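Text of the file start31.txt, holding compact mmCIF, C-alpha atoms:
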# COMPACT_ATOMS: atom_id res chain seq x y z
CA MET A 1 -74.06 32.39 -28.20
CA ASN A 2 -75.44 32.20 -31.74
CA LYS A 3 -77.82 29.42 -30.71
CA ARG A 4 -78.92 31.47 -27.70
CA LEU A 5 -79.56 34.43 -29.99
CA GLY A 6 -81.67 32.27 -32.30
CA LYS A 7 -83.61 30.86 -29.36
CA LEU A 8 -84.18 34.37 -28.01
CA GLU A 9 -85.47 35.56 -31.39
CA TYR A 10 -87.81 32.58 -31.60
CA ASN A 11 -89.15 33.08 -28.08
CA GLU A 12 -89.77 36.78 -28.70
CA THR A 13 -91.65 36.20 -31.96
CA LYS A 14 -93.46 32.89 -31.44
CA LYS A 15 -96.48 34.46 -29.69
CA LEU A 16 -97.03 36.93 -32.49
CA PHE A 17 -96.68 34.37 -35.25
CA THR A 18 -98.73 31.78 -33.36
CA VAL A 19 -101.62 34.25 -33.23
CA PHE A 20 -101.28 35.06 -36.94
CA THR A 21 -101.01 31.35 -37.82
CA VAL A 22 -104.11 30.43 -35.80
CA ILE A 23 -106.06 33.26 -37.45
CA LEU A 24 -104.84 32.08 -40.86
CA VAL A 25 -105.94 28.50 -40.13
CA VAL A 26 -109.37 29.73 -39.01
CA TYR A 27 -109.66 31.79 -42.20
CA GLN A 28 -108.84 28.75 -44.34
CA ILE A 29 -111.36 26.58 -42.47
CA ILE A 30 -114.02 29.23 -43.07
CA CYS A 31 -113.11 29.25 -46.77
CA ILE A 32 -113.46 25.44 -46.94
CA ILE A 33 -116.89 25.63 -45.29
CA LEU A 34 -117.94 28.42 -47.63
CA GLY A 35 -116.75 26.25 -50.53
CA LEU A 36 -119.16 23.51 -49.47
CA ILE A 37 -121.96 26.07 -49.14
CA SER A 38 -121.25 27.61 -52.55
CA ARG A 39 -121.59 24.19 -54.21
CA ASN A 40 -125.17 23.88 -52.94
CA THR A 41 -126.39 27.39 -53.56
CA SER A 42 -126.78 29.71 -56.52
CA SER A 43 -125.83 32.77 -54.50
CA GLU A 44 -122.48 34.39 -55.21
CA ILE A 45 -122.03 35.60 -51.63
CA PRO A 46 -120.02 32.55 -50.46
CA SER A 47 -117.67 32.77 -53.48
CA ASP A 48 -117.18 36.50 -53.03
CA THR A 49 -116.51 35.99 -49.30
CA ILE A 50 -113.86 33.37 -50.14
CA VAL A 51 -112.05 35.89 -52.35
CA ILE A 52 -112.19 38.56 -49.62
CA ILE A 53 -110.88 36.16 -46.95
CA THR A 54 -108.11 35.00 -49.30
CA ILE A 55 -107.00 38.59 -49.84
CA CYS A 56 -107.06 39.22 -46.08
CA SER A 57 -104.98 36.07 -45.50
CA ALA A 58 -102.37 37.22 -48.02
CA LEU A 59 -102.28 40.67 -46.41
CA GLY A 60 -101.78 39.00 -43.02
CA ILE A 61 -98.68 37.19 -44.30
CA ILE A 62 -97.37 40.46 -45.73
CA MET A 63 -98.06 42.20 -42.41
CA CYS A 64 -96.03 39.57 -40.53
CA SER A 65 -93.14 40.17 -42.93
CA ILE A 66 -93.34 43.93 -42.33
CA ILE A 67 -93.35 43.39 -38.56
CA MET A 68 -90.18 41.30 -38.79
CA ILE A 69 -88.49 43.91 -41.01
CA LYS A 70 -89.45 46.60 -38.49
CA ARG A 71 -88.07 44.37 -35.74
CA PHE A 72 -84.74 44.13 -37.59
CA TYR A 73 -84.64 47.92 -37.84
CA ASN A 74 -85.44 48.42 -34.15
CA ILE A 75 -82.76 45.97 -33.00
CA LEU A 76 -79.90 47.40 -35.06
CA PHE A 77 -80.77 51.01 -35.78
CA SER A 78 -82.80 52.31 -32.85
CA ALA A 79 -82.44 52.76 -29.11
CA GLU A 80 -84.78 49.79 -28.52
CA GLY A 81 -82.06 47.38 -29.54
CA SER A 82 -79.34 48.63 -27.20
CA ILE A 83 -79.69 45.57 -24.94
CA ARG A 84 -79.56 43.13 -27.84
CA LEU A 85 -76.57 44.89 -29.37
CA ALA A 86 -74.72 44.46 -26.06
CA MET A 87 -74.57 40.73 -26.68
CA PRO A 88 -71.07 39.51 -27.69
CA VAL A 89 -71.99 38.70 -31.28
CA LYS A 90 -71.43 40.43 -34.59
CA ASN A 91 -74.15 42.70 -35.91
CA SER A 92 -74.56 40.41 -38.89
CA GLU A 93 -75.68 37.61 -36.56
CA HIS A 94 -78.80 39.65 -35.78
CA GLN A 95 -79.39 39.93 -39.51
CA LYS A 96 -78.91 36.19 -39.99
CA VAL A 97 -81.20 35.22 -37.12
CA ASN A 98 -83.91 37.68 -38.19
CA ILE A 99 -83.93 36.41 -41.78
CA LYS A 100 -83.88 32.76 -40.71
CA THR A 101 -86.69 33.15 -38.16
CA ALA A 102 -88.86 35.29 -40.42
CA LEU A 103 -88.53 32.99 -43.43
CA ILE A 104 -89.40 29.89 -41.39
CA TRP A 105 -92.60 31.52 -40.16
CA ILE A 106 -93.45 32.97 -43.57
CA TYR A 107 -92.95 29.58 -45.25
CA ILE A 108 -95.20 27.90 -42.69
CA MET A 109 -97.93 30.50 -43.13
CA PHE A 110 -97.61 30.46 -46.92
CA ALA A 111 -97.88 26.65 -46.95
CA ILE A 112 -101.08 26.84 -44.86
CA PHE A 113 -102.36 29.52 -47.22
CA ILE A 114 -101.75 27.43 -50.36
CA ILE A 115 -103.13 24.23 -48.81
CA GLY A 116 -106.23 26.14 -47.74
CA ILE A 117 -106.77 27.45 -51.26
CA GLY A 118 -106.43 23.93 -52.67
CA LEU A 119 -108.91 22.43 -50.19
CA THR A 120 -111.34 25.28 -50.87
CA GLU A 121 -111.18 24.50 -54.58
CA VAL A 122 -111.86 20.84 -53.87
CA THR A 123 -114.88 21.55 -51.66
CA SER A 124 -116.33 24.21 -53.95
CA GLY A 125 -115.62 22.34 -57.17
CA GLU A 126 -114.31 25.54 -58.77
CA ARG A 127 -110.86 26.37 -60.10
CA ILE A 128 -110.52 29.60 -58.17
CA TYR A 129 -106.74 29.84 -58.48
CA GLY A 130 -105.94 26.46 -60.04
CA VAL A 131 -103.94 25.20 -57.06
CA ALA A 132 -105.83 21.94 -56.57
CA ASN A 133 -105.62 21.06 -60.26
CA THR A 134 -101.99 21.97 -60.85
CA TYR A 135 -100.79 18.37 -60.96
CA ARG A 136 -103.56 17.27 -63.32
CA ASN A 137 -103.09 20.30 -65.56
CA TYR A 138 -99.38 19.55 -65.95
CA ILE A 139 -100.09 15.92 -66.81
CA GLU A 140 -102.65 16.95 -69.42
CA SER A 141 -100.23 19.48 -70.89
CA TYR A 142 -97.34 17.04 -71.10
CA THR A 143 -99.58 14.28 -72.47
CA VAL A 144 -101.67 16.18 -75.02
CA MET A 145 -99.47 19.08 -76.10
CA ASP A 146 -95.97 17.66 -75.72
CA ARG A 147 -96.57 13.91 -75.96
CA LEU A 148 -93.74 13.31 -73.48
CA PRO A 149 -93.06 9.94 -71.82
CA ALA A 150 -93.75 9.62 -68.06
CA PRO A 151 -95.92 12.78 -67.83
CA ALA A 152 -96.80 12.09 -64.16
CA LEU A 153 -93.13 12.07 -63.11
CA LYS A 154 -92.43 15.23 -65.11
CA ALA A 155 -95.46 16.90 -63.49
CA VAL A 156 -94.08 16.09 -60.03
CA ILE A 157 -90.63 17.46 -60.97
CA THR A 158 -92.21 20.64 -62.33
CA ILE A 159 -94.25 21.18 -59.16
CA VAL A 160 -91.15 20.63 -57.00
CA PHE A 161 -89.27 23.27 -58.98
CA ASP A 162 -92.30 25.59 -58.84
CA VAL A 163 -92.30 25.34 -55.04
CA LEU A 164 -88.53 25.86 -54.89
CA THR A 165 -88.82 28.88 -57.17
CA MET A 166 -91.54 30.40 -54.98
CA MET A 167 -89.46 29.82 -51.84
CA VAL A 168 -86.42 31.51 -53.41
CA ILE A 169 -88.53 34.46 -54.61
CA ILE A 170 -90.03 34.96 -51.13
CA ALA A 171 -86.56 34.81 -49.56
CA THR A 172 -85.21 37.28 -52.12
CA LEU A 173 -88.03 39.75 -51.50
CA TYR A 174 -87.53 39.61 -47.73
CA ILE A 175 -83.73 39.90 -47.97
CA SER A 176 -84.21 42.82 -50.39
CA CYS A 177 -86.18 44.69 -47.72
CA ILE A 178 -83.56 43.93 -45.05
CA PHE A 179 -80.87 45.09 -47.48
CA ALA A 180 -82.79 48.32 -48.20
CA VAL A 181 -83.12 49.05 -44.46
CA THR A 182 -79.38 48.46 -43.96
CA ILE A 183 -78.34 50.66 -46.90
CA ALA A 184 -80.75 53.44 -45.97
CA SER A 185 -79.59 53.47 -42.35
CA ARG A 186 -75.96 53.47 -43.49
CA ILE A 187 -76.57 56.46 -45.78
CA SER A 188 -78.48 58.44 -43.15
CA GLY A 189 -75.85 57.63 -40.49
CA ARG A 190 -72.80 58.47 -42.59
CA PHE A 191 -74.13 61.73 -43.98
CA ASN A 192 -75.99 62.76 -40.82
CA ILE A 193 -79.36 62.66 -42.55
CA LEU A 194 -82.06 62.81 -39.91
CA GLN A 195 -84.95 61.80 -42.13
CA LYS A 196 -84.28 58.08 -42.12
CA ASN A 197 -87.80 57.24 -43.29
CA GLY A 198 -87.40 59.42 -46.37
CA VAL A 199 -84.02 57.88 -47.19
CA LEU A 200 -85.45 54.41 -46.69
CA PHE A 201 -88.34 55.16 -49.05
CA ILE A 202 -85.98 56.45 -51.76
CA VAL A 203 -83.65 53.45 -51.42
CA VAL A 204 -86.54 50.98 -51.62
CA VAL A 205 -87.93 52.66 -54.75
CA VAL A 206 -84.51 52.72 -56.44
CA LEU A 207 -83.75 49.09 -55.59
CA TYR A 208 -87.18 47.99 -56.77
CA ASN A 209 -86.78 49.72 -60.12
CA ILE A 210 -83.27 48.34 -60.62
CA LYS A 211 -84.42 44.81 -59.83
CA ALA A 212 -87.55 45.10 -62.01
CA LEU A 213 -85.48 46.43 -64.92
CA PHE A 214 -82.85 43.73 -64.49
CA LEU A 215 -85.28 40.82 -64.24
CA ASN A 216 -87.45 42.10 -67.11
CA ASN A 217 -84.46 42.39 -69.43
CA LEU A 218 -83.17 39.00 -68.32
CA TYR A 219 -86.53 37.41 -69.10
CA HIS A 220 -86.57 38.92 -72.62
CA ILE A 221 -82.99 37.77 -73.23
CA PHE A 222 -83.91 34.28 -72.04
CA ASN A 223 -86.89 34.09 -74.41
CA TYR A 224 -84.76 35.38 -77.29
CA VAL A 225 -82.06 32.75 -76.69
CA VAL A 226 -84.56 29.90 -76.37
CA ASN A 227 -86.43 30.92 -79.52
CA ARG A 228 -83.19 31.35 -81.49
CA VAL A 229 -82.03 27.88 -80.50
CA ASN A 230 -85.42 26.38 -81.32
CA ARG A 231 -85.88 28.48 -84.49
CA SER A 232 -89.56 28.84 -83.67
CA PRO A 233 -91.73 31.15 -81.53
CA VAL A 234 -92.55 28.28 -79.14
CA PRO A 235 -90.03 26.24 -77.08
CA LEU A 236 -89.54 22.55 -77.90
CA SER A 237 -91.84 21.43 -75.10
CA MET A 238 -93.81 22.94 -72.24
CA TYR A 239 -91.88 20.75 -69.81
CA ALA A 240 -88.47 21.94 -71.01
CA PHE A 241 -89.58 25.57 -71.06
CA GLN A 242 -91.13 25.37 -67.57
CA LEU A 243 -88.09 23.60 -66.15
CA ILE A 244 -85.57 25.99 -67.70
CA LEU A 245 -87.63 28.99 -66.60
CA ASP A 246 -87.82 27.75 -63.00
CA ILE A 247 -84.11 26.94 -62.89
CA SER A 248 -83.21 30.35 -64.32
CA CYS A 249 -85.46 32.08 -61.76
CA VAL A 250 -83.87 30.10 -58.90
CA ILE A 251 -80.39 31.03 -60.11
CA VAL A 252 -81.15 34.72 -60.76
CA TYR A 253 -83.14 35.34 -57.58
CA GLY A 254 -80.81 33.16 -55.52
CA LEU A 255 -77.68 35.00 -56.63
CA SER A 256 -79.46 38.31 -56.06
CA ALA A 257 -80.38 37.29 -52.50
CA ILE A 258 -76.86 36.04 -51.75
CA ALA A 259 -75.29 39.25 -53.05
CA MET A 260 -77.58 41.48 -50.99
CA TYR A 261 -77.13 39.35 -47.89
CA ARG A 262 -73.33 39.42 -48.11
CA ILE A 263 -73.19 43.16 -48.80
CA GLY A 264 -75.51 43.84 -45.87
CA ARG A 265 -73.45 41.56 -43.64
CA SER A 266 -70.27 43.35 -44.64
CA ILE A 267 -71.79 46.73 -43.78
CA LEU A 268 -73.08 45.53 -40.42
CA ASN A 269 -69.78 43.90 -39.39
CA LYS A 270 -67.78 47.07 -39.99
CA LYS A 271 -67.50 49.68 -37.28
CA LEU A 272 -69.73 52.22 -38.95
CA ASP A 273 -71.96 54.91 -37.56
CA ILE A 274 -75.24 53.24 -38.39
Go ahead and express the file in the form of structure tokens.
Amino acid sequence: MNKRLGKLEYNETKKLFTVFTVILVVYQIICIILGLISRNTSSEIPSDTIVIITICSALGIIMCSIIMIKRFYNILFSAEGSIRLAMPVKNSEHQKVNIKTALIWIYIMFAIFIIGIGLTEVTSGERIYGVANTYRNYIESYTVMDRLPAPALKAVITIVFDVLTMMVIIATLYISCIFAVTIASRISGRFNILQKNGVLFIVVVVLYNIKALFLNNLYHIFNYVVNRVNRSPVPLSMYAFQLILDISCVIVYGLSAIAMYRIGRSILNKKLDI
């Protein structure tokens, strides 16, 4: 049944995400062409257009995420999901399938987005966002500033952890929104609050501020510990600092996502008036 639920979710969302993905690919192709044009002209119009299209592409990915969050809300907390809720599965399975499906699509679109930016930088010859030159920049940093052995290998490891960190952060942000929807609907259902949108807004703001405060303090504590161990204002090497920072982000964001997912699952599996 769980596999059937996942297949159903995929079939119901693939048309939407296929359209968004095709549009995203077209946008990136246009940016690559504009990059070639900008190299052979003194006009700033192609470069400005690239920035505008890049912003629109990012907003498109965000819009897809919002649509999937709204879909999660409709399935579990509105009359639209009465048929889906009649399936002999736990409520948390809908949460699991929604998160899994959404993240797969978001990762695919984000990968296309990043690759498009890199190719645009190559064709235009400009470091718009530094994506295309990330590998070379790391090698230069580890060679010139740190004088570390095997800088190429360390650059690859750093990029791998950068990608992993970004994936964990994206997952945490999406799960945070699902968690906020679950908590807000639980509060409004238990206390008979009709204004679910208002409750949802308040919960999102509170959770955002708590997370921002927590992560900000954690970052300052991390810097303090590293500097105390090193007895200097700069870590021992850029490679060590980057690696430790990425690992700490993966751990902090990962544990945060796991905690919110498990709490939300516990709420959904209980027989509550949500």
Mind giving me the axis-aligned box for region 104-123 of chain A with 3 Å on every side, centre plus edges in Å to one decimal, as JSON?
{"center_x": -102.1, "center_y": 26.9, "center_z": -47.4, "size_x": 31.5, "size_y": 18.1, "size_z": 20.4}
**Nearest-residue call for Ile33 (chain A), choices A:Arg4, A:Ser256, A:Glu121, A:Cys56, using only C-alpha atoms** = A:Glu121
**Request:** Just give me the gap between CA of Arg265 (chain A) and CA of Lys15 (chain A) in Å, one decimal is fine.
**Result:** 27.8 Å
**Item:** Option closest in space to Lys154 (chain A), from A:Ile183, A:Asn40, A:Ile169, A:Arg136 [counting all atoms listed in the file]
**Value:**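 Checking each of A:Ile183, A:Asn40, A:Ile169, A:Arg136 against Lys154 (chain A), counting all atoms listed in the file, the winner is A:Arg136.
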**Request:** Determine, counting only C-alpha atoms, which protein, DNA and RNA residues have an atom within 7 Å of an atom of region 96-104 of chain A; residues of the same chain fewer than 2 positions away are not included. Present the result as a list in words.
**Result:** Gly6, Tyr10, Ser65, Met68, Phe72, Ser92, Glu93, His94, Ile106, Tyr107, Ile108 and Ala171 of chain A
**Request:** Go through A:Met87, A:Ala155, A:Ile32, A:Ile69 one by one, measure the shortest atom-to-atom distance of each to Ser47 (chain A) using only C-alpha atoms, and give the residue with the smallest value.
**Result:**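 Smallest separation from Ser47 (chain A) among the options: A:Ile32.
For the set A:Thr172, A:Ser43, A:Ser185, A:Thr54, the residue with the smallest atom-to-atom gap to Phe113 (chain A) is A:Thr54, counting all atoms listed in the file.
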**Request:** Take CA of Gly60 (chain A) and CA of Ala111 (chain A) and report the distance between them in Å, one decimal.
**Result:** 13.5 Å
**Prompt:** Skipping near chain neighbours, those fewer than 2 positions away, what residues fall within 9 Å of Ile117 (chain A) using all atoms listed in the file, listed as a list in words?
**Reply:**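 In the requested form, the answer reads Gln28, Cys31, Ile32, Thr54, Ile112, Phe113, Ile114, Ile115, Leu119, Thr120, Glu121, Val122, Ile128, Tyr129, Gly130, Val131 and Ala132 of chain A.
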Residues of region 97-191 of chain A that approach region 242-250 of chain A to 10 Å or less, counting only C-alpha atoms: could you list each one with the shortest pair of atoms and its distance in Å to one decimal, rows by chain and increasing residue number, as a tab-separated table?
residue	atom	partner	partner_atom	distance
A:Lys154	CA	A:Leu243	CA	9.5
A:Ile157	CA	A:Leu243	CA	8.4
A:Thr158	CA	A:Leu243	CA	6.4
A:Ile159	CA	A:Leu243	CA	9.6
A:Val160	CA	A:Asp246	CA	9.9
A:Phe161	CA	A:Asp246	CA	6.2
A:Asp162	CA	A:Asp246	CA	6.5
A:Val163	CA	A:Asp246	CA	9.4
A:Leu164	CA	A:Val250	CA	7.5
A:Thr165	CA	A:Val250	CA	5.4
A:Met166	CA	A:Val250	CA	8.6
A:Met167	CA	A:Val250	CA	9.0
A:Val168	CA	A:Val250	CA	6.2
A:Ile169	CA	A:Val250	CA	7.7
A:Thr172	CA	A:Val250	CA	10.0
**Request:** Measure the distance from CA of Met109 (chain A) to CA of Val51 (chain A) in Å and round it to one decimal.
**Result:** 17.7 Å
**Asked** Near Ser57 (chain A), counting all atoms listed in the file, which residues have an atom at most 10 Å away, once you skip same-chain residues fewer than 5 positions from it, shown as an NGL selection string?
**Response** :A and (20-21 or 23-25 or 27-28 or 51-52 or 62-63 or 109-110 or 113)
**Asked** Nearest to Ile53 (chain A): which of A:Ile30, A:Val144, A:Ala150, A:Ile175 is it, counting only C-alpha atoms?
**Response** A:Ile30
